[in-house]
$ cat start_17.cif   # mmCIF, C-alpha atoms and all ligand atoms
data_upload
loop_
_atom_site.label_atom_id
_atom_site.label_comp_id
_atom_site.auth_asym_id
_atom_site.auth_seq_id
_atom_site.Cartn_x
_atom_site.Cartn_y
_atom_site.Cartn_z
CA MET A 1 -1.32 -13.34 -30.10
CA ILE A 2 -1.60 -9.90 -28.57
CA GLY A 3 -2.92 -7.25 -30.95
CA ILE A 4 -1.05 -3.96 -31.15
CA THR A 5 -2.78 -1.02 -29.50
CA PRO A 6 -5.06 0.79 -31.97
CA LEU A 7 -3.81 4.03 -30.43
CA GLU A 8 -0.57 3.77 -32.39
CA ALA A 9 -2.22 3.98 -35.81
CA TRP A 10 -4.64 6.61 -34.48
CA ILE A 11 -1.87 8.82 -33.11
CA ARG A 12 0.14 8.40 -36.32
CA GLU A 13 -2.84 9.64 -38.30
CA ARG A 14 -3.80 12.40 -35.87
CA VAL A 15 -0.28 13.73 -35.73
CA ARG A 16 0.04 13.29 -39.52
CA LEU A 17 3.28 11.36 -39.27
CA ASP A 18 4.72 9.75 -42.33
CA SER A 19 3.62 6.11 -42.34
CA GLU A 20 7.19 5.14 -43.29
CA LEU A 21 8.49 6.30 -39.92
CA THR A 22 9.07 3.43 -37.50
CA GLY A 23 10.85 2.76 -34.24
CA SER A 24 12.84 5.60 -32.75
CA ALA A 25 12.27 7.81 -35.81
CA PHE A 26 8.52 7.64 -35.06
CA LEU A 27 9.08 8.56 -31.43
CA GLU A 28 11.35 11.44 -32.41
CA ALA A 29 8.76 12.79 -34.83
CA LEU A 30 6.08 12.48 -32.12
CA LYS A 31 8.29 14.50 -29.75
CA VAL A 32 8.77 17.20 -32.39
CA TYR A 33 4.97 17.41 -32.72
CA GLN A 34 4.49 17.50 -28.94
CA LEU A 35 7.13 20.20 -28.47
CA GLN A 36 5.49 22.34 -31.12
CA ARG A 37 2.08 21.88 -29.48
CA VAL A 38 3.44 22.58 -26.00
CA ASN A 39 4.89 25.86 -27.27
CA GLU A 40 1.62 26.73 -29.00
CA THR A 41 -0.31 25.95 -25.81
CA ILE A 42 1.96 28.15 -23.68
CA ASP A 43 1.57 31.00 -26.14
CA TYR A 44 -2.20 30.47 -26.48
CA ALA A 45 -2.75 30.26 -22.71
CA ARG A 46 -0.66 33.36 -21.99
CA ARG A 47 -2.51 35.36 -24.61
CA ASN A 48 -6.03 34.15 -23.76
CA THR A 49 -6.32 33.27 -20.08
CA ALA A 50 -6.01 35.57 -17.10
CA PHE A 51 -4.51 32.80 -15.00
CA TYR A 52 -1.58 31.93 -17.28
CA ARG A 53 -0.94 35.55 -18.24
CA HIS A 54 -0.09 36.07 -14.59
CA HIS A 55 1.23 32.59 -13.71
CA LEU A 56 3.74 32.51 -16.58
CA ALA A 57 4.45 36.25 -16.70
CA SER A 58 8.13 35.93 -15.87
CA LEU A 59 8.83 33.00 -18.17
CA GLN A 60 11.80 33.75 -20.43
CA ASP A 61 13.48 32.07 -23.40
CA LEU A 62 10.44 30.95 -25.29
CA PRO A 63 9.68 28.93 -27.29
CA LEU A 64 11.11 25.92 -25.49
CA SER A 65 13.77 24.20 -27.58
CA ASP A 66 13.22 20.80 -25.96
CA LEU A 67 10.46 19.05 -23.98
CA SER A 68 12.84 18.84 -21.02
CA GLY A 69 12.52 22.63 -20.87
CA LEU A 70 9.06 22.12 -19.38
CA ALA A 71 10.84 21.58 -16.06
CA ARG A 72 11.31 25.39 -15.89
CA ILE A 73 7.56 26.00 -15.94
CA PRO A 74 5.61 26.20 -12.66
CA PHE A 75 2.94 23.59 -12.00
CA THR A 76 -0.79 24.21 -12.09
CA THR A 77 -2.66 22.66 -9.16
CA SER A 78 -6.23 21.79 -8.41
CA SER A 79 -6.49 24.61 -5.86
CA ASP A 80 -5.70 27.13 -8.62
CA PHE A 81 -9.21 26.42 -9.95
CA ALA A 82 -10.93 27.04 -6.69
CA ASP A 83 -10.40 30.80 -6.61
CA ASN A 84 -11.89 31.67 -9.91
CA PRO A 85 -12.27 29.06 -12.65
CA LEU A 86 -13.14 31.75 -15.19
CA ARG A 87 -9.51 32.81 -15.08
CA PHE A 88 -8.71 29.60 -17.00
CA LEU A 89 -11.20 30.27 -19.76
CA ALA A 90 -9.48 30.83 -23.12
CA VAL A 91 -12.53 31.35 -25.32
CA ARG A 92 -15.68 33.45 -25.02
CA GLN A 93 -18.25 31.87 -22.71
CA ASP A 94 -20.54 31.55 -25.75
CA ASP A 95 -18.06 29.11 -27.25
CA ILE A 96 -18.17 26.77 -24.28
CA ALA A 97 -20.19 23.65 -25.04
CA LYS A 98 -19.81 21.89 -21.71
CA ILE A 99 -19.16 22.94 -18.14
CA VAL A 100 -18.36 20.21 -15.64
CA THR A 101 -18.69 20.99 -11.96
CA LEU A 102 -16.64 18.83 -9.64
CA ARG A 103 -17.30 18.89 -5.96
CA THR A 104 -14.03 18.91 -4.13
CA SER A 105 -13.63 17.60 -0.62
CA GLY A 106 -10.94 20.16 0.14
CA SER A 107 -11.12 22.59 3.03
CA THR A 108 -12.46 25.41 0.87
CA GLY A 109 -15.52 23.31 0.02
CA GLU A 110 -15.73 25.14 -3.29
CA ALA A 111 -16.65 23.41 -6.50
CA LYS A 112 -14.19 23.18 -9.35
CA ARG A 113 -15.53 24.10 -12.77
CA LEU A 114 -14.04 22.92 -16.04
CA PHE A 115 -14.83 24.29 -19.48
CA PHE A 116 -14.76 22.46 -22.80
CA SER A 117 -15.41 23.73 -26.30
CA GLU A 118 -17.17 21.69 -28.99
CA ALA A 119 -13.79 20.93 -30.57
CA ASP A 120 -12.41 19.70 -27.22
CA LEU A 121 -15.34 17.30 -26.83
CA GLU A 122 -14.91 16.02 -30.39
CA LEU A 123 -11.30 15.06 -29.60
CA THR A 124 -12.53 13.06 -26.60
CA VAL A 125 -15.15 11.25 -28.70
CA ASP A 126 -12.43 10.44 -31.22
CA PHE A 127 -10.20 9.02 -28.45
CA PHE A 128 -13.06 6.91 -27.05
CA HIS A 129 -13.86 5.64 -30.54
CA HIS A 130 -10.33 4.40 -31.16
CA GLY A 131 -9.55 3.37 -27.60
CA MET A 132 -12.67 1.19 -27.37
CA SER A 133 -11.76 -0.73 -30.53
CA THR A 134 -9.41 -2.82 -28.35
CA LEU A 135 -12.39 -4.07 -26.34
CA VAL A 136 -15.33 -4.38 -28.64
CA GLN A 137 -15.99 -5.13 -32.31
CA PRO A 138 -18.52 -3.66 -34.75
CA GLY A 139 -21.89 -5.41 -34.36
CA GLN A 140 -21.37 -6.16 -30.66
CA ARG A 141 -23.18 -4.61 -27.71
CA ALA A 142 -21.87 -2.50 -24.86
CA VAL A 143 -23.38 -1.28 -21.59
CA VAL A 144 -22.01 1.92 -20.06
CA LEU A 145 -22.39 2.23 -16.28
CA LEU A 146 -21.26 5.86 -16.19
CA PRO A 147 -23.36 9.04 -15.99
CA GLY A 148 -24.83 9.70 -19.42
CA GLU A 149 -28.13 11.49 -19.01
CA LYS A 150 -26.87 14.93 -19.87
CA PRO A 151 -25.57 15.81 -23.33
CA ASP A 152 -21.76 15.73 -23.44
CA SER A 153 -21.51 13.84 -20.14
CA VAL A 154 -18.87 11.13 -20.07
CA GLY A 155 -21.44 8.40 -20.84
CA ASP A 156 -22.82 10.42 -23.75
CA LEU A 157 -19.35 11.03 -25.24
CA LEU A 158 -18.59 7.31 -24.92
CA LEU A 159 -21.89 6.45 -26.60
CA ARG A 160 -20.99 8.72 -29.52
CA GLY A 161 -17.55 7.11 -29.82
CA LEU A 162 -19.05 3.60 -29.79
CA GLN A 163 -21.72 4.52 -32.35
CA ARG A 164 -18.94 5.47 -34.77
CA MET A 165 -17.78 1.86 -34.70
CA ASP A 166 -21.27 0.42 -35.01
CA VAL A 167 -21.46 -0.91 -31.45
CA GLN A 168 -24.97 -0.97 -30.01
CA THR A 169 -24.76 0.83 -26.72
CA LEU A 170 -26.96 1.13 -23.65
CA VAL A 171 -26.00 3.99 -21.36
CA TYR A 172 -27.38 2.62 -18.09
CA GLY A 173 -25.75 5.18 -15.80
CA PRO A 174 -24.15 4.74 -12.37
CA VAL A 175 -25.18 1.65 -10.42
CA THR A 176 -27.39 2.23 -7.42
CA ASP A 177 -29.15 -1.15 -7.53
CA PRO A 178 -26.61 -3.84 -8.57
CA LEU A 179 -29.29 -6.48 -9.10
CA HIS A 180 -31.25 -4.25 -11.47
CA ALA A 181 -28.10 -3.30 -13.36
CA ALA A 182 -27.11 -6.96 -13.75
CA GLU A 183 -30.55 -7.81 -15.14
CA ALA A 184 -30.33 -4.94 -17.62
CA ILE A 185 -26.88 -6.11 -18.74
CA ALA A 186 -28.11 -9.70 -19.18
CA SER A 187 -31.22 -8.77 -21.14
CA PHE A 188 -29.30 -6.37 -23.39
CA GLY A 189 -26.84 -9.17 -24.16
CA ALA A 190 -23.76 -7.08 -23.45
CA HIS A 191 -20.38 -8.19 -24.78
CA CYS A 192 -18.65 -5.28 -23.12
CA LEU A 193 -19.15 -3.26 -19.92
CA VAL A 194 -17.68 0.09 -18.96
CA GLY A 195 -17.93 1.23 -15.35
CA ILE A 196 -16.45 2.28 -12.03
CA PRO A 197 -14.53 -0.55 -10.30
CA THR A 198 -16.48 -0.87 -7.03
CA GLN A 199 -19.81 -0.57 -8.87
CA VAL A 200 -18.98 -3.22 -11.45
CA LEU A 201 -17.81 -5.44 -8.59
CA ALA A 202 -21.18 -5.00 -6.89
CA VAL A 203 -22.94 -6.00 -10.12
CA ALA A 204 -20.76 -9.10 -10.46
CA HIS A 205 -21.53 -10.16 -6.88
CA SER A 206 -25.30 -9.70 -7.16
CA ARG A 207 -27.44 -12.79 -7.81
CA ALA A 208 -28.22 -11.69 -11.35
CA GLY A 209 -24.57 -10.80 -11.92
CA VAL A 210 -23.37 -14.24 -10.88
CA ALA A 211 -26.11 -15.78 -13.07
CA ILE A 212 -24.61 -14.13 -16.17
CA GLY A 213 -21.82 -16.69 -15.80
CA LYS A 214 -18.85 -17.04 -18.12
CA GLY A 215 -18.73 -16.59 -21.87
CA SER A 216 -21.13 -13.76 -22.63
CA ILE A 217 -19.30 -10.71 -21.31
CA GLU A 218 -16.00 -10.64 -23.18
CA SER A 219 -14.45 -7.46 -21.90
CA VAL A 220 -14.82 -4.94 -19.10
CA LEU A 221 -13.30 -1.48 -19.01
CA LEU A 222 -12.83 -0.08 -15.53
CA SER A 223 -12.52 3.64 -15.54
CA THR A 224 -11.63 5.99 -12.73
CA ASP A 225 -8.49 7.48 -11.28
CA TYR A 226 -7.14 4.09 -10.24
CA VAL A 227 -8.27 0.51 -10.21
CA PRO A 228 -7.61 -1.94 -7.36
CA GLN A 229 -5.94 -4.98 -8.94
CA THR A 230 -7.97 -7.39 -6.84
CA ILE A 231 -11.22 -6.08 -8.34
CA SER A 232 -9.94 -6.86 -11.85
CA GLN A 233 -9.04 -10.38 -10.76
CA THR A 234 -12.46 -11.02 -9.23
CA LEU A 235 -14.27 -9.88 -12.40
CA GLU A 236 -12.06 -12.12 -14.54
CA GLU A 237 -12.97 -15.06 -12.33
CA VAL A 238 -16.72 -14.41 -12.22
CA TRP A 239 -17.32 -13.63 -15.91
CA GLY A 240 -14.25 -15.14 -17.59
CA CYS A 241 -13.70 -11.80 -19.30
CA ARG A 242 -10.68 -9.63 -19.98
CA VAL A 243 -10.52 -6.59 -17.71
CA PHE A 244 -8.95 -3.45 -19.14
CA THR A 245 -8.36 -0.24 -17.28
CA HIS A 246 -8.74 3.27 -18.53
CA TYR A 247 -6.93 6.18 -16.96
CA GLY A 248 -8.60 9.53 -17.11
CA MET A 249 -9.94 12.44 -15.15
CA THR A 250 -12.28 15.25 -16.05
CA GLU A 251 -9.36 17.69 -16.33
CA MET A 252 -7.94 15.52 -19.15
CA GLY A 253 -11.20 15.84 -21.05
CA PHE A 254 -12.26 12.54 -19.40
CA GLY A 255 -9.84 10.37 -21.38
CA GLY A 256 -6.12 9.96 -20.72
CA GLY A 257 -4.95 6.49 -21.66
CA VAL A 258 -6.14 2.95 -22.08
CA GLU A 259 -4.63 -0.51 -21.81
CA CYS A 260 -3.95 -2.67 -24.84
CA GLU A 261 -4.45 -6.44 -24.94
CA ALA A 262 -1.22 -6.90 -22.97
CA LEU A 263 -3.21 -5.54 -19.98
CA ASP A 264 -0.11 -4.05 -18.46
CA GLY A 265 -0.18 -0.28 -18.38
CA TYR A 266 -1.91 2.41 -20.41
CA HIS A 267 -0.93 3.72 -23.80
CA LEU A 268 -1.50 7.42 -23.63
CA ARG A 269 -3.44 9.95 -25.61
CA GLU A 270 -0.16 11.36 -26.90
CA GLY A 271 -1.67 13.53 -29.62
CA ASP A 272 -3.72 15.57 -27.14
CA LEU A 273 -1.85 15.32 -23.85
CA TYR A 274 1.80 15.40 -22.85
CA PHE A 275 2.48 13.41 -19.69
CA GLU A 276 5.32 13.74 -17.22
CA VAL A 277 6.02 11.97 -13.94
CA VAL A 278 7.66 14.14 -11.29
CA ASP A 279 8.88 13.74 -7.74
CA HIS A 280 5.95 14.59 -5.47
CA GLU A 281 8.11 16.53 -3.01
CA THR A 282 10.77 18.23 -5.16
CA GLY A 283 8.90 18.50 -8.46
CA GLU A 284 11.91 17.18 -10.34
CA THR A 285 11.32 15.01 -13.37
CA CYS A 286 11.48 11.28 -12.62
CA SER A 287 13.34 8.99 -14.96
CA ASP A 288 11.43 6.20 -16.66
CA GLY A 289 10.61 3.43 -14.21
CA GLU A 290 10.65 5.77 -11.21
CA THR A 291 7.34 6.27 -9.39
CA GLY A 292 6.10 9.80 -8.86
CA GLU A 293 3.18 12.12 -9.46
CA VAL A 294 1.51 12.31 -12.87
CA VAL A 295 1.54 15.76 -14.48
CA PHE A 296 0.07 16.61 -17.86
CA THR A 297 -0.08 19.47 -20.35
CA THR A 298 -2.90 19.79 -22.87
CA LEU A 299 -1.71 19.97 -26.48
CA THR A 300 -4.96 20.68 -28.35
CA ARG A 301 -7.37 22.08 -25.73
CA LYS A 302 -9.21 25.25 -26.69
CA GLY A 303 -11.68 25.97 -23.87
CA MET A 304 -9.39 25.59 -20.91
CA PRO A 305 -5.75 24.79 -21.62
CA LEU A 306 -3.78 23.33 -18.72
CA ILE A 307 -0.01 23.48 -18.39
CA ARG A 308 1.83 21.05 -16.11
CA TYR A 309 -1.30 20.18 -14.19
CA LYS A 310 -0.58 18.08 -11.08
CA THR A 311 -3.03 15.20 -10.94
CA GLY A 312 -2.17 13.86 -7.49
CA ASP A 313 -2.02 10.35 -9.01
CA ILE A 314 0.87 8.02 -8.27
CA ALA A 315 2.34 6.16 -11.27
CA ARG A 316 5.46 5.65 -13.38
CA ILE A 317 6.43 5.48 -17.03
CA MET A 318 7.32 1.88 -17.79
CA PRO A 319 10.85 1.55 -19.13
CA GLN A 320 10.32 -1.62 -21.19
CA SER A 321 8.54 -1.65 -24.53
CA CYS A 322 5.06 -3.13 -24.59
CA PRO A 323 4.45 -6.83 -25.41
CA CYS A 324 1.80 -5.67 -27.91
CA GLY A 325 4.62 -4.48 -30.15
CA SER A 326 3.84 -0.78 -30.02
CA ILE A 327 6.69 1.65 -29.55
CA LEU A 328 4.40 4.11 -27.77
CA ARG A 329 5.42 4.58 -24.18
CA ARG A 330 3.28 3.11 -21.43
CA MET A 331 2.28 4.37 -18.04
CA GLY A 332 2.05 1.74 -15.31
CA ARG A 333 -1.30 1.38 -13.56
CA VAL A 334 -1.99 4.25 -11.21
CA ARG A 335 -1.18 3.17 -7.66
CA GLY A 336 -3.41 5.62 -5.84
CA ARG A 337 -3.26 9.25 -4.87
CA TRP A 338 -1.00 11.36 -2.69
CA GLU A 339 -3.99 13.14 -1.29
CA GLY A 340 -5.39 11.29 1.70
CA ALA A 341 -2.34 9.09 2.24
CA VAL A 342 -1.67 9.17 5.98
CA ARG A 343 1.77 9.21 7.55
CA LEU A 344 1.54 7.07 10.67
CA GLY A 345 5.22 7.25 11.53
CA PRO A 346 8.70 7.34 10.01
CA ASP A 347 8.65 5.19 6.84
CA ARG A 348 5.03 4.26 7.53
CA VAL A 349 2.58 5.84 5.08
CA LEU A 350 -0.83 4.23 4.76
CA THR A 351 -2.42 4.57 1.33
CA LEU A 352 -5.85 3.61 0.14
CA SER A 353 -4.35 1.34 -2.51
CA ASP A 354 -2.59 -0.71 0.22
CA MET A 355 -5.92 -1.19 1.97
CA ASP A 356 -7.67 -1.93 -1.34
CA ASP A 357 -5.25 -4.73 -2.10
CA ALA A 358 -5.90 -6.24 1.32
CA LEU A 359 -9.67 -5.73 1.57
CA PHE A 360 -11.02 -6.29 -1.94
CA ARG A 361 -9.57 -9.81 -1.77
CA LEU A 362 -12.24 -10.66 0.78
CA GLN A 363 -15.11 -12.61 -0.69
CA GLY A 364 -18.31 -10.55 -0.61
CA LEU A 365 -16.75 -7.19 0.29
CA LEU A 366 -18.18 -4.71 -2.21
CA ASP A 367 -16.92 -1.42 -0.90
CA TYR A 368 -15.58 0.19 2.21
CA ARG A 369 -14.87 3.60 3.63
CA ALA A 370 -11.80 4.28 5.76
CA THR A 371 -11.84 7.12 8.27
CA MET A 372 -8.72 8.20 10.13
CA SER A 373 -8.82 10.45 13.16
CA LYS A 374 -6.43 11.34 15.95
CA GLY A 375 -7.30 10.90 19.60
CA GLY A 376 -6.40 13.28 22.41
CA ASP A 377 -3.49 10.97 23.25
CA GLY A 378 -1.98 11.64 19.80
CA ARG A 379 -2.65 8.12 18.57
CA PHE A 380 -4.34 7.54 15.23
CA ARG A 381 -7.67 5.75 15.07
CA LEU A 382 -8.72 3.89 11.94
CA HIS A 383 -12.35 3.02 11.43
CA ILE A 384 -13.63 0.97 8.49
CA ASP A 385 -17.24 0.96 7.33
CA VAL A 386 -17.83 -2.10 5.20
CA HIS A 387 -20.51 -2.72 2.62
CA GLY A 388 -20.97 -6.42 1.96
CA SER A 389 -22.68 -8.42 -0.76
CA GLU A 390 -26.26 -9.66 -0.46
CA VAL A 391 -25.01 -13.20 -1.01
CA GLY A 392 -22.56 -13.21 1.85
CA SER A 393 -20.30 -10.70 3.48
CA PRO A 394 -16.92 -11.15 5.22
CA THR A 395 -16.85 -11.17 9.04
CA ASP A 396 -15.35 -8.50 11.33
CA SER A 397 -12.45 -10.73 12.15
CA GLU A 398 -11.72 -11.40 8.48
CA VAL A 399 -11.60 -7.65 7.80
CA LEU A 400 -9.36 -7.04 10.83
CA LYS A 401 -7.09 -9.90 9.89
CA ALA A 402 -6.71 -8.53 6.35
CA LEU A 403 -5.84 -5.09 7.73
CA GLY A 404 -3.39 -6.62 10.19
CA GLY A 405 -1.67 -8.23 7.21
CA LEU A 406 -0.47 -4.78 6.14
CA ASP A 407 2.99 -3.96 7.49
CA THR A 408 2.12 -0.29 7.92
CA ILE A 409 -0.85 -1.08 10.14
CA ARG A 410 0.73 -3.95 12.07
CA LYS A 411 3.90 -1.99 12.90
CA SER A 412 1.98 1.18 13.78
CA VAL A 413 -0.24 -0.74 16.21
CA ALA A 414 2.82 -2.45 17.68
CA VAL A 415 4.53 0.88 18.50
CA SER A 416 1.23 2.46 19.64
CA ASP A 417 1.06 5.10 16.88
CA LEU A 418 -2.26 3.54 15.90
CA GLU A 419 -5.04 2.04 17.98
CA ALA A 420 -6.42 -1.32 16.90
CA PRO A 421 -8.71 -0.61 13.91
CA THR A 422 -12.48 -0.88 14.30
CA VAL A 423 -15.02 -2.20 11.80
CA ARG A 424 -18.72 -1.64 11.26
CA PHE A 425 -20.94 -3.16 8.62
CA SER A 426 -23.29 -0.88 6.80
CA ALA A 427 -26.26 -1.50 4.58
CA GLU A 428 -25.55 1.74 2.81
CA GLY A 429 -23.17 1.09 -0.06
CA ARG A 430 -23.49 4.25 -2.03
CA TRP A 431 -20.25 5.95 -1.25
CA THR A 432 -18.88 5.84 -4.76
CA THR A 433 -21.95 6.20 -6.90
CA THR A 434 -21.09 9.56 -8.38
CA GLY A 435 -18.72 9.15 -11.27
CA ALA A 436 -16.61 12.11 -10.31
CA SER A 437 -15.93 11.16 -6.72
CA LYS A 438 -12.49 9.91 -5.87
CA ARG A 439 -12.06 7.26 -3.23
CA LYS A 440 -9.63 8.17 -0.48
CA ILE A 441 -8.94 7.81 3.21
CA ILE A 442 -11.15 10.33 5.00
CA VAL A 443 -9.06 12.22 7.49
CA LYS A 444 -10.88 13.87 10.36
CA SER A 445 -8.92 16.50 12.15
CA ASP A 446 -11.13 16.64 15.24
CA PRO A 447 -10.81 13.89 17.80
CA PRO A 448 -14.10 11.99 18.05
CA GLY A 449 -16.17 13.04 21.02
ZN ZN B 1 0.61 -2.28 -25.71
#

$ encode --input "start_17.cif" --output "structure tokens"
Amino acid sequence: MIGITPLEAWIRERVRLDSELTGSAFLEALKVYQLQRVNETIDYARRNTAFYRHHLASLQDLPLSDLSGLARIPFTTSSDFADNPLRFLAVRQDDIAKIVTLRTSGSTGEAKRLFFSEADLELTVDFFHHGMSTLVQPGQRAVVLLPGEKPDSVGDLLLRGLQRMDVQTLVYGPVTDPLHAAEAIASFGAHCLVGIPTQVLAVAHSRAGVAIGKGSIESVLLSTDYVPQTISQTLEEVWGCRVFTHYGMTEMGFGGGVECEALDGYHLREGDLYFEVVDHETGETCSDGETGEVVFTTLTRKGMPLIRYKTGDIARIMPQSCPCGSILRRMGRVRGRWEGAVRLGPDRVLTLSDMDDALFRLQGLLDYRATMSKGGDGRFRLHIDVHGSEVGSPTDSEVLKALGGLDTIRKSVAVSDLEAPTVRFSAEGRWTTTGASKRKIIVKSDPPG
């Protein structure tokens, strides 16, 4: 029996909807709430931030009479932050409780800064509290493998959410030594783990991780921009646990959506965020079921409201209702990012998620880094650095065979758009140890000397 997502009752309460409302009447009432909040956010952002005062200066016919009216509003992109993040600030700097600095790998090399007020952070704690109740029960123990040293860091906010449901929590932090982390998890007696996919995989493949065996860890929450399916499957096999995924990014206030027991797509934080999926090229709204780019608008954010923020993440709204019985809409698992996808030829785009599906299947492969460059002859070169497990790593030929199993790579090599990929094994496996970093194909513009 699949339990209904706790987010439904939470959203009902947060949005103060009549408990009598069910089915489509509930969804309609939720839309009325969201429309009202979208209009308030537009008004608030235009009055209080320099960026939106200018960005939305020519916007007419407000307030919007329907959520579909959002299509008239220009997008906000990540590069808008780079110039001057203070232009997004909607409260006095004194009222900012938390500033998050994200290092971007873009050409400007500038850091992105995000501002949250105390009230913004409280909403995130509240979401974590209710979202986590799918995974862990009062009286159980959880280990958080996310950064948590600083007050109001993601690990700290999660700790506060878990404490509200009487879950004993160890904030271990990011994994740099998988063996040590596995020992800490075992001695704490964790029922639940929260971490970054490649890091949790490394823990599971360490000697101490394997020794944990099945039956003690009941649930794992993998949190990042997207989760390779094959990592979830491996963790289920090693620990016999259920693997949930959380979708979130710092810009969302860390939390965006979380899977229910059906483990098939995220229910979203509908009270605080309004999500759209749009065509990556044209910006037009996708219909349910169609894959596009995820865009969101904050509904309750005070420090730094965001309107139609383009996430770069590839996903779709699932058209069918959820097996858990909730009428809340679901977003399918994020399939990767537009950024860093490489077009090798007509109809041949190589994405990191394609490579993830092929490579994380390999026994003992813990992480890898893909670098694409272009030679003087105009042909692409793909190099893979592989980090393998201490208890046995895949061979070069296994990695190359897995890559060759991808149509995009095989066809591109066949027509000479791509040279045969090269592989190197590396002892250094710390490419993804910072919680904020996003995995992607590294594209080098200069031909290697
Ligand atoms: Zn569900």

$ residues_near_ligand --input "start_17.cif" --ligand "ligand ZN 1 (chain B)" --cutoff "10 Å" --atoms "all atoms listed in the file" --output "number ranges by chain"
A: 2-8, 258-267, 321-330

$ closest_residue --input "start_17.cif" --among "A:Phe275, A:Phe116, A:Phe425, A:Tyr226" --to "A:Ser397" --atoms "all atoms listed in the file"
A:Phe425

$ atom_distance --input "start_17.cif" --atom1 "atom CA of A:Asp407" --atom2 "atom CA of A:Arg316"
23.1 Å

$ atom_distance --input "start_17.cif" --atom1 "atom CA of A:Asp272" --atom2 "atom CA of A:Gln320"
23.0 Å

$ closest_residue --input "start_17.cif" --among "A:Gly378, A:Gly303, A:Pro319, A:Gly256" --to "A:Thr124" --atoms "all atoms listed in the file"
A:Gly256

$ closest_residue --input "start_17.cif" --among "A:Gly248, A:Gly392, A:Gly213, A:Gly336" --to "A:Glu236" --atoms "all atoms listed in the file"
A:Gly213

$ closest_residue --input "start_17.cif" --among "A:Glu419, A:Asp177, A:Asp66, A:Glu293" --to "A:Val38" --atoms "all atoms listed in the file"
A:Asp66

$ atom_distance --input "start_17.cif" --atom1 "atom CA of A:Glu183" --atom2 "atom CA of A:Ser206"
9.7 Å

$ closest_residue --input "start_17.cif" --among "A:Glu284, A:Asp377, A:Asp347, A:Glu270" --to "A:Lys31" --atoms "only C-alpha atoms"
A:Glu270

$ residues_around --input "start_17.cif" --residues "stretch 9-25 of chain A" --least-positions-apart "4" --cutoff "8 Å" --atoms "only C-alpha atoms" --output "list in words"
Ala29, Leu30, Tyr33, His130, Arg269, Glu270, Gly271 and Ile327 of chain A

$ residues_around --input "start_17.cif" --residues "A:His383" --least-positions-apart "5" --cutoff "6 Å" --atoms "all atoms listed in the file" --output "PyMOL selection string"
chain A and resi 370-371+421-423

$ closest_residue --input "start_17.cif" --among "A:His280, A:Lys150, A:Arg301, A:Arg337" --to "A:Ile42" --atoms "all atoms listed in the file"
A:Arg301
